[in-house]
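Peer 1: Before anything else, here's the structure in question.
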Amino acid sequence: MARITLRQLLDHAAEQGYGVPAFNINNMEQVIAIMEAAKATGSPVIMQASRGARQYANDVMLTKMMDAAVEIYPDIPVCVHQDHGNNEATCLTAIQAGFTSVMMDGSLKEDGKTPADYAYNAGITRRVVDMAHWVGASVEGELGVLGSLESGMSEAEDGHGAEGELSHDLLLTDPDEAVRFVKDTKVDALAIAMGTSHGAYKFSRKPDGAILAMNVIKEINQRMPEMHLVMHGSSSVPQELQDIINKYGGEMPQTWGVPVEEIQLGIKHGVRKVNIDTDCRMAITGQIRRIFAENPGEFDPRKYLKPAQDAMIKLCKQRYEEFGTAGQAAKIKVIPLHEMAKDYKAGKFEPKFA
């Protein structure tokens, strides 16, 4: 199979009632782990790279790893997605590099730190949508600023995250404004703010409705039942992974992530893409710490990176199965970008509202 656009994959997910985990990548081991888990479960893939990942690995290296993933795993449809694009150039160079989907995060200005107003967000997102759709690529937008309802603060990811304390109105996406945003931008997917944040330290206790506003998802879904919603910052930060890291010399304070059952509830109400990075990092880190603690003389990277990769495979398989992604890959017939471009031009993907 070939690369698939986000729009086609999420349309299929909506038809079949499942969600798709979107795993971040920086290196070969992560790519292999995602793809091996997908092969084992028969799942389609969303593999995403942040601006920081593109700087770390270089677009040439990332592109070659994407090519390799598609060649080695020909039965798996793979969406390659730019995570948190900060301007038009970031998004368009990603498409040039072979990404089939981009996120234009206009909720923050180009510096990735300053909250933007509605006009800025809608304007820049619409420009990216127009250009991406011309070539058949998909666009995810964001309305509301990712951050904690407990602390009012955002957590930076690869330098991307609001600075300073944020007001509640910024941290919660307004459902009526979401409708307006989709009408104005024609995005294929919408990331919303409802209390999740980047990193491991999302909540100081198991989240309830006061700090994880799942009602926002339900209300937006009622107004736009066909819009594909996206949950960012949705690692579950499993206790067992915290325990492994700390057992072998780590110093992670007790923390809570987004419970899998809450994500499953979101999937029932229109969430189709679920961003996960921290869980994978923790799975990898725990095994590397274990190997170094148990074998302090070890210096062969293969001896600690292979167990780390295996731990991430296990984590990815769990998420594919828990989100209903497993078994869906074989049901998808990939539509190439040039055909998607024709469909956009013909108005096939015009947004619909309740």
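To be explicit about the labels: the chains of the structure tokens are called A, B, and onward in the order shown, and within each one the residues are counted from 1, while ligands get numbers from 1 in the order they are shown.
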Residues of stretch 56-302 of chain A in strand (DSSP E) according to DSSP, as a ChimeraX atom specification?
Peer 2: /A:78-85,101-104,138-143,189-192,228-231,271-276
Peer 1: For the residues in the current selection, export N, CA and C atoms as a CSV table (one decimal), in the first residue's frame.
Peer 2:
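As written to disk, result07.csv reads:
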```
chain,number,residue,atom,x,y,z
A,78,VAL,N,-0.2,4.3,5.3
A,78,VAL,CA,0.6,5.1,6.2
A,78,VAL,C,0.3,6.6,5.9
A,79,CYS,N,-0.2,7.3,6.9
A,79,CYS,CA,-0.4,8.8,6.8
A,79,CYS,C,0.8,9.4,7.5
A,80,VAL,N,1.5,10.3,6.8
A,80,VAL,CA,2.7,10.9,7.4
A,80,VAL,C,2.3,12.4,7.6
A,81,HIS,N,2.3,12.8,8.9
A,81,HIS,CA,1.7,14.1,9.3
A,81,HIS,C,2.7,15.0,9.9
A,82,GLN,N,2.6,16.3,9.5
A,82,GLN,CA,3.4,17.4,10.2
A,82,GLN,C,2.6,17.8,11.5
A,83,ASP,N,3.2,17.7,12.6
A,83,ASP,CA,2.6,18.0,13.9
A,83,ASP,C,3.0,19.5,14.2
A,84,HIS,N,2.0,20.3,14.6
A,84,HIS,CA,2.1,21.6,15.0
A,84,HIS,C,3.0,22.5,14.1
A,85,GLY,N,2.5,22.6,12.9
A,85,GLY,CA,3.2,23.6,12.0
A,85,GLY,C,2.9,25.0,12.5
A,101,SER,N,-0.1,15.0,5.1
A,101,SER,CA,-1.0,15.8,5.9
A,101,SER,C,-0.2,16.7,6.8
A,102,VAL,N,-0.8,17.9,7.1
A,102,VAL,CA,-0.1,18.9,7.9
A,102,VAL,C,-1.1,19.4,8.9
A,103,MET,N,-0.5,19.8,10.1
A,103,MET,CA,-1.3,20.6,11.0
A,103,MET,C,-0.8,22.0,11.0
A,104,MET,N,-1.7,22.9,10.7
A,104,MET,CA,-1.4,24.4,10.9
A,104,MET,C,-2.0,24.8,12.2
A,138,SER,N,-4.0,16.8,3.3
A,138,SER,CA,-5.0,17.2,4.3
A,138,SER,C,-4.5,18.2,5.3
A,139,VAL,N,-5.4,18.9,5.9
A,139,VAL,CA,-5.0,19.9,6.9
A,139,VAL,C,-5.8,19.7,8.2
A,140,GLU,N,-5.1,19.7,9.3
A,140,GLU,CA,-5.6,19.7,10.7
A,140,GLU,C,-5.4,21.1,11.2
A,141,GLY,N,-6.5,21.7,11.8
A,141,GLY,CA,-6.3,23.0,12.4
A,141,GLY,C,-6.5,22.9,13.9
A,142,GLU,N,-6.3,23.9,14.7
A,142,GLU,CA,-6.5,23.9,16.1
A,142,GLU,C,-7.2,25.2,16.6
A,143,LEU,N,-8.2,25.0,17.4
A,143,LEU,CA,-9.0,26.1,18.0
A,143,LEU,C,-9.0,26.0,19.5
A,189,ALA,N,-9.7,18.3,9.7
A,189,ALA,CA,-9.8,17.8,11.1
A,189,ALA,C,-9.5,19.0,12.1
A,190,LEU,N,-10.1,18.9,13.2
A,190,LEU,CA,-10.1,20.0,14.2
A,190,LEU,C,-9.5,19.5,15.5
A,191,ALA,N,-8.4,20.0,15.9
A,191,ALA,CA,-7.9,19.8,17.3
A,191,ALA,C,-8.5,20.8,18.2
A,192,ILE,N,-9.0,20.3,19.4
A,192,ILE,CA,-9.7,21.1,20.3
A,192,ILE,C,-9.0,21.2,21.7
A,228,HIS,N,-14.0,15.6,11.9
A,228,HIS,CA,-13.1,14.7,12.6
A,228,HIS,C,-12.3,15.5,13.7
A,229,LEU,N,-12.6,15.1,14.9
A,229,LEU,CA,-12.0,15.8,16.1
A,229,LEU,C,-10.6,15.2,16.5
A,230,VAL,N,-9.7,16.0,17.0
A,230,VAL,CA,-8.4,15.5,17.4
A,230,VAL,C,-8.1,15.8,18.8
A,231,MET,N,-7.7,14.8,19.6
A,231,MET,CA,-7.2,15.0,20.9
A,231,MET,C,-5.7,15.1,21.0
A,271,VAL,N,-14.1,11.8,18.0
A,271,VAL,CA,-12.6,11.9,18.0
A,271,VAL,C,-12.1,10.8,17.1
A,272,ARG,N,-11.3,11.2,16.1
A,272,ARG,CA,-10.7,10.2,15.2
A,272,ARG,C,-9.2,10.1,15.2
A,273,LYS,N,-8.5,11.1,15.7
A,273,LYS,CA,-7.1,11.1,15.8
A,273,LYS,C,-6.7,11.4,17.2
A,274,VAL,N,-5.8,10.6,17.8
A,274,VAL,CA,-5.4,10.7,19.2
A,274,VAL,C,-3.9,10.8,19.2
A,275,ASN,N,-3.3,12.0,19.6
A,275,ASN,CA,-1.9,12.2,19.6
A,275,ASN,C,-1.2,11.6,20.8
A,276,ILE,N,-0.2,10.7,20.6
A,276,ILE,CA,0.5,10.0,21.6
A,276,ILE,C,2.0,10.1,21.4
```
Peer 1: Given only C-alpha atoms, how would the per-residue table for stretch 12-127 of chain A near stretch 304-309 of chain A read, listing every residue at most 10 Å away with its closest atom pair and distance in Å to one decimal, sorted by chain and number, as a Markdown table?
Peer 2:
```
| residue | atom | partner | partner_atom | distance |
| --- | --- | --- | --- | --- |
| A:Met28 | CA | A:Gln309 | CA | 9.5 |
| A:Glu29 | CA | A:Gln309 | CA | 5.7 |
| A:Gln30 | CA | A:Gln309 | CA | 6.8 |
| A:Val31 | CA | A:Gln309 | CA | 9.3 |
| A:Ile32 | CA | A:Gln309 | CA | 7.7 |
| A:Ala33 | CA | A:Gln309 | CA | 5.7 |
| A:Ile34 | CA | A:Gln309 | CA | 9.2 |
| A:Glu36 | CA | A:Gln309 | CA | 9.8 |
```
Peer 1: Could you tell me how far atom CA of A:Val128 lies from atom CA of A:Leu170, in Å and to one decimal?
Peer 2: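 Separation between atom CA of A:Val128 and atom CA of A:Leu170: 22.6 Å.
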Peer 1: Using only C-alpha atoms, pick whichever of A:Val70, A:Asp243, A:Tyr248, A:Pro77 has the shortest atom-to-atom distance to A:Lys333.
Peer 2: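 Checking each candidate against A:Lys333, we get A:Pro77 as the closest.
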Peer 1: Tell me which protein, DNA and RNA residues are within 7 Å of A:Met194, counting only C-alpha atoms, leaving out same-chain ones fewer than 3 positions away, and put them as a ChimeraX atom specification.
Peer 2: /A:171-173,212-214,216
Peer 1: Compile the contact shell of A:Met282 as a list in words: residues with an atom at most 10 Å away, counting only C-alpha atoms, same-chain residues fewer than 5 positions apart removed.
Peer 2: Ala200, Val237, Pro238, Glu240, Leu241, Gln242, Ile244, Ile245, Asp277, Gln287, Ile288, Ala308, Ala311, Met312 and Leu315 of chain A
Peer 1: How would the residues just chosen look if you wrote them out with N, CA, C and O atoms as a compact mmCIF listing (two decimals), in the first residue's frame?
Peer 2:
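Saved as out_25.txt:
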```txt
# COMPACT_ATOMS: atom_id res chain seq x y z
N ALA A 200 4.50 14.63 30.19
CA ALA A 200 4.04 13.62 31.15
C ALA A 200 3.22 14.20 32.28
O ALA A 200 2.39 13.52 32.87
N VAL A 237 0.21 8.01 30.19
CA VAL A 237 1.26 8.01 31.21
C VAL A 237 1.06 6.83 32.17
O VAL A 237 0.83 7.02 33.37
N PRO A 238 1.11 5.60 31.66
CA PRO A 238 0.80 4.43 32.49
C PRO A 238 1.66 4.33 33.75
O PRO A 238 2.86 4.60 33.72
N GLU A 240 2.67 1.71 35.29
CA GLU A 240 3.73 0.71 35.22
C GLU A 240 4.99 1.25 34.53
O GLU A 240 6.11 0.85 34.87
N LEU A 241 4.81 2.16 33.58
CA LEU A 241 5.97 2.75 32.92
C LEU A 241 6.67 3.74 33.84
O LEU A 241 7.91 3.83 33.84
N GLN A 242 5.90 4.50 34.62
CA GLN A 242 6.51 5.37 35.63
C GLN A 242 7.33 4.54 36.62
O GLN A 242 8.44 4.91 36.99
N ILE A 244 8.73 1.55 36.23
CA ILE A 244 9.96 0.99 35.65
C ILE A 244 11.05 2.06 35.59
O ILE A 244 12.20 1.80 35.97
N ILE A 245 10.69 3.24 35.14
CA ILE A 245 11.69 4.32 35.06
C ILE A 245 12.27 4.62 36.43
O ILE A 245 13.49 4.73 36.59
N ASP A 277 2.77 10.65 22.34
CA ASP A 277 4.22 10.73 22.24
C ASP A 277 4.87 10.31 23.55
O ASP A 277 5.73 9.43 23.59
N GLN A 287 13.18 0.87 29.41
CA GLN A 287 14.00 -0.29 29.05
C GLN A 287 15.48 0.06 28.93
O GLN A 287 16.35 -0.76 29.28
N ILE A 288 15.77 1.25 28.43
CA ILE A 288 17.18 1.66 28.36
C ILE A 288 17.75 1.79 29.77
O ILE A 288 18.87 1.31 30.05
N ALA A 308 14.15 -1.59 23.99
CA ALA A 308 13.38 -0.35 24.00
C ALA A 308 12.35 -0.34 22.89
O ALA A 308 11.19 0.04 23.07
N ALA A 311 9.47 -2.64 23.71
CA ALA A 311 8.53 -2.05 24.67
C ALA A 311 7.58 -1.08 23.98
O ALA A 311 6.40 -1.00 24.32
N MET A 312 8.10 -0.35 23.00
CA MET A 312 7.23 0.57 22.26
C MET A 312 6.26 -0.19 21.36
O MET A 312 5.11 0.22 21.20
N LEU A 315 3.38 -1.14 23.51
CA LEU A 315 2.53 0.02 23.79
C LEU A 315 1.67 0.38 22.59
O LEU A 315 0.46 0.62 22.72
```
Peer 1: So, with only C-alpha atoms as the atoms that count, which of A:Gly42, A:Met35, A:Ala119, A:Arg3 lies closest to A:Lys331?
Peer 2: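 Between A:Gly42, A:Met35, A:Ala119, A:Arg3, the residue approaching A:Lys331 most closely is A:Gly42.
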Peer 1: Set the distance at 6 Å and use only C-alpha atoms: which residues neighbour A:Gly195 once local chain neighbours fewer than 6 positions away are removed? I'd like the list as a compact mmCIF listing (two decimals) with C-alpha atoms, in the first residue's frame.
Peer 2:
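Now in around20.txt:
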```
# COMPACT_ATOMS: atom_id res chain seq x y z
CA GLY A 147 -2.93 23.60 28.39
CA SER A 148 -3.87 22.51 31.89
CA LEU A 149 -7.21 23.46 33.43
CA ILE A 211 -9.89 19.25 34.67
CA LEU A 212 -10.64 17.09 31.60
```
Peer 1: Suppose you want the space between atom CA of A:Pro336 and atom CA of A:Gly98; what is it in Å?
Peer 2: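 Atom CA of A:Gly98 lies at a distance of 12.4 Å from atom CA of A:Pro336.
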Peer 1: If we count only C-alpha atoms, what is near A:Lys186 at a cut-off of 10 Å, once residues fewer than 4 positions away on the same chain are taken out, given as a ChimeraX atom specification?
Peer 2: /A:122,125-126,129-130,133,139-141,180-182,190,349-352
Peer 1: Output the selection as an mmCIF file, in the first residue's frame - N, CA and C atoms for each residue.
Peer 2:
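So out.cif came out as:
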```
data_model
loop_
_atom_site.group_PDB
_atom_site.id
_atom_site.type_symbol
_atom_site.label_atom_id
_atom_site.label_comp_id
_atom_site.auth_asym_id
_atom_site.auth_seq_id
_atom_site.Cartn_x
_atom_site.Cartn_y
_atom_site.Cartn_z
ATOM 1 N N ALA A 122 -7.722 31.805 11.933
ATOM 2 C CA ALA A 122 -8.554 31.423 10.786
ATOM 3 C C ALA A 122 -7.892 31.821 9.468
ATOM 4 N N THR A 125 -4.714 29.540 8.774
ATOM 5 C CA THR A 125 -5.155 28.156 8.557
ATOM 6 C C THR A 125 -5.827 28.019 7.196
ATOM 7 N N ARG A 126 -6.656 28.993 6.825
ATOM 8 C CA ARG A 126 -7.325 28.926 5.521
ATOM 9 C C ARG A 126 -6.318 28.979 4.376
ATOM 10 N N VAL A 129 -4.855 25.564 4.127
ATOM 11 C CA VAL A 129 -5.868 24.645 3.588
ATOM 12 C C VAL A 129 -5.956 24.783 2.074
ATOM 13 N N ASP A 130 -6.042 25.994 1.587
ATOM 14 C CA ASP A 130 -6.165 26.205 0.136
ATOM 15 C C ASP A 130 -4.980 25.595 -0.598
ATOM 16 N N HIS A 133 -4.864 21.623 -0.239
ATOM 17 C CA HIS A 133 -5.920 20.959 -1.001
ATOM 18 C C HIS A 133 -5.661 21.008 -2.509
ATOM 19 N N VAL A 139 -5.397 18.870 5.941
ATOM 20 C CA VAL A 139 -4.993 19.876 6.927
ATOM 21 C C VAL A 139 -5.796 19.709 8.217
ATOM 22 N N GLU A 140 -5.066 19.687 9.319
ATOM 23 C CA GLU A 140 -5.646 19.738 10.657
ATOM 24 C C GLU A 140 -5.431 21.140 11.213
ATOM 25 N N GLY A 141 -6.472 21.732 11.769
ATOM 26 C CA GLY A 141 -6.349 23.022 12.431
ATOM 27 C C GLY A 141 -6.541 22.864 13.923
ATOM 28 N N ARG A 180 -17.898 28.077 13.443
ATOM 29 C CA ARG A 180 -17.462 29.218 12.625
ATOM 30 C C ARG A 180 -16.090 28.957 12.027
ATOM 31 N N PHE A 181 -15.179 28.405 12.823
ATOM 32 C CA PHE A 181 -13.813 28.152 12.370
ATOM 33 C C PHE A 181 -13.804 27.154 11.216
ATOM 34 N N VAL A 182 -14.572 26.093 11.335
ATOM 35 C CA VAL A 182 -14.618 25.090 10.270
ATOM 36 C C VAL A 182 -15.219 25.686 8.994
ATOM 37 N N LEU A 190 -10.124 18.872 13.234
ATOM 38 C CA LEU A 190 -10.052 19.982 14.175
ATOM 39 C C LEU A 190 -9.548 19.511 15.534
ATOM 40 N N PHE A 349 -15.515 17.473 -0.352
ATOM 41 C CA PHE A 349 -15.241 17.461 1.091
ATOM 42 C C PHE A 349 -15.678 18.741 1.788
ATOM 43 N N GLU A 350 -16.649 19.422 1.239
ATOM 44 C CA GLU A 350 -17.172 20.607 1.902
ATOM 45 C C GLU A 350 -17.720 20.224 3.288
ATOM 46 N N PRO A 351 -17.419 21.001 4.312
ATOM 47 C CA PRO A 351 -17.876 20.655 5.657
ATOM 48 C C PRO A 351 -19.397 20.656 5.778
ATOM 49 N N LYS A 352 -19.889 19.770 6.631
ATOM 50 C CA LYS A 352 -21.333 19.653 6.875
ATOM 51 C C LYS A 352 -21.623 19.899 8.347
#
```
Peer 1: Please provide as a CSV table (one decimal) with N, CA, C and O atoms, in the first residue's frame all residues within 10 Å of A:Ala13, with the sequence filter that same-chain residues fewer than 2 positions apart are discarded (counting only C-alpha atoms).
Peer 2:
```
chain,number,residue,atom,x,y,z
A,7,ARG,N,-7.3,12.9,5.6
A,7,ARG,CA,-8.7,13.0,5.3
A,7,ARG,C,-9.3,11.6,4.9
A,7,ARG,O,-10.4,11.2,5.5
A,8,GLN,N,-8.7,10.9,4.1
A,8,GLN,CA,-9.2,9.6,3.7
A,8,GLN,C,-9.2,8.6,4.8
A,8,GLN,O,-10.2,7.9,5.1
A,9,LEU,N,-8.1,8.6,5.6
A,9,LEU,CA,-8.1,7.7,6.7
A,9,LEU,C,-9.1,8.0,7.8
A,9,LEU,O,-9.8,7.1,8.3
A,10,LEU,N,-9.3,9.3,8.1
A,10,LEU,CA,-10.3,9.6,9.2
A,10,LEU,C,-11.7,9.5,8.7
A,10,LEU,O,-12.6,9.2,9.5
A,11,ASP,N,-11.9,9.7,7.4
A,11,ASP,CA,-13.3,9.4,6.8
A,11,ASP,C,-13.6,7.9,7.0
A,11,ASP,O,-14.7,7.5,7.4
A,15,GLU,N,-16.6,6.2,9.3
A,15,GLU,CA,-17.5,5.2,8.8
A,15,GLU,C,-17.6,3.9,9.6
A,15,GLU,O,-18.6,3.4,9.8
A,16,GLN,N,-16.4,3.5,10.1
A,16,GLN,CA,-16.3,2.3,10.9
A,16,GLN,C,-16.3,2.5,12.4
A,16,GLN,O,-16.3,1.5,13.1
A,17,GLY,N,-16.3,3.7,12.9
A,17,GLY,CA,-16.5,4.0,14.3
A,17,GLY,C,-15.2,3.7,15.1
A,17,GLY,O,-15.3,3.3,16.3
A,18,TYR,N,-14.0,4.0,14.6
A,18,TYR,CA,-12.8,3.8,15.4
A,18,TYR,C,-12.0,5.1,15.4
A,18,TYR,O,-12.3,6.1,14.7
A,19,GLY,N,-11.0,5.1,16.2
A,19,GLY,CA,-10.0,6.2,16.3
A,19,GLY,C,-8.6,5.7,15.9
A,19,GLY,O,-8.4,4.5,15.9
A,20,VAL,N,-7.7,6.6,15.6
A,20,VAL,CA,-6.4,6.2,15.1
A,20,VAL,C,-5.4,6.9,16.0
A,20,VAL,O,-5.4,8.2,16.1
A,44,PRO,N,-4.1,0.6,10.2
A,44,PRO,CA,-3.5,1.8,9.5
A,44,PRO,C,-2.7,2.7,10.4
A,44,PRO,O,-2.9,2.6,11.6
A,228,HIS,N,-14.0,15.6,11.9
A,228,HIS,CA,-13.1,14.7,12.6
A,228,HIS,C,-12.3,15.5,13.7
A,228,HIS,O,-11.6,16.4,13.4
A,267,ILE,N,-13.8,8.8,21.3
A,267,ILE,CA,-14.0,8.2,20.0
A,267,ILE,C,-15.5,8.0,19.6
A,267,ILE,O,-15.9,8.1,18.5
A,270,GLY,N,-16.9,11.4,18.0
A,270,GLY,CA,-16.2,12.1,16.9
A,270,GLY,C,-14.7,12.3,16.9
A,270,GLY,O,-14.2,12.8,16.0
A,271,VAL,N,-14.1,11.8,18.0
A,271,VAL,CA,-12.6,11.9,18.0
A,271,VAL,C,-12.1,10.8,17.1
A,271,VAL,O,-12.4,9.6,17.3
A,272,ARG,N,-11.3,11.2,16.1
A,272,ARG,CA,-10.7,10.2,15.2
A,272,ARG,C,-9.2,10.1,15.2
A,272,ARG,O,-8.7,9.1,14.7
A,273,LYS,N,-8.5,11.1,15.7
A,273,LYS,CA,-7.1,11.1,15.8
A,273,LYS,C,-6.7,11.4,17.2
A,273,LYS,O,-7.2,12.4,17.8
A,324,GLY,N,-9.8,0.6,18.6
A,324,GLY,CA,-10.6,0.0,17.5
A,324,GLY,C,-9.9,0.1,16.1
A,324,GLY,O,-10.5,-0.2,15.1
A,325,THR,N,-8.6,0.5,16.1
A,325,THR,CA,-7.9,0.6,14.8
A,325,THR,C,-7.5,-0.8,14.3
A,325,THR,O,-7.4,-1.0,13.0
A,328,GLN,N,-8.3,-2.8,10.6
A,328,GLN,CA,-8.9,-1.9,9.7
A,328,GLN,C,-8.1,-1.7,8.4
A,328,GLN,O,-8.6,-1.3,7.4
A,332,ILE,N,-9.1,-0.7,3.6
A,332,ILE,CA,-8.9,0.6,3.0
A,332,ILE,C,-8.2,0.5,1.7
A,332,ILE,O,-7.2,-0.2,1.5
```
Peer 1: Of the candidates A:Glu157, A:Ala68, A:Leu92, A:Asn121, which shows the shortest atom-to-atom distance to A:Ser50, using only C-alpha atoms?
Peer 2: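 Between A:Glu157, A:Ala68, A:Leu92, A:Asn121, the residue approaching A:Ser50 most closely is A:Glu157.
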Peer 1: Take atom CA of A:Ile76 and atom CA of A:Arg319 and report the distance between them in Å, one decimal.
Peer 2: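 One can read the atom CA of A:Ile76 to atom CA of A:Arg319 distance as 16.3 Å.
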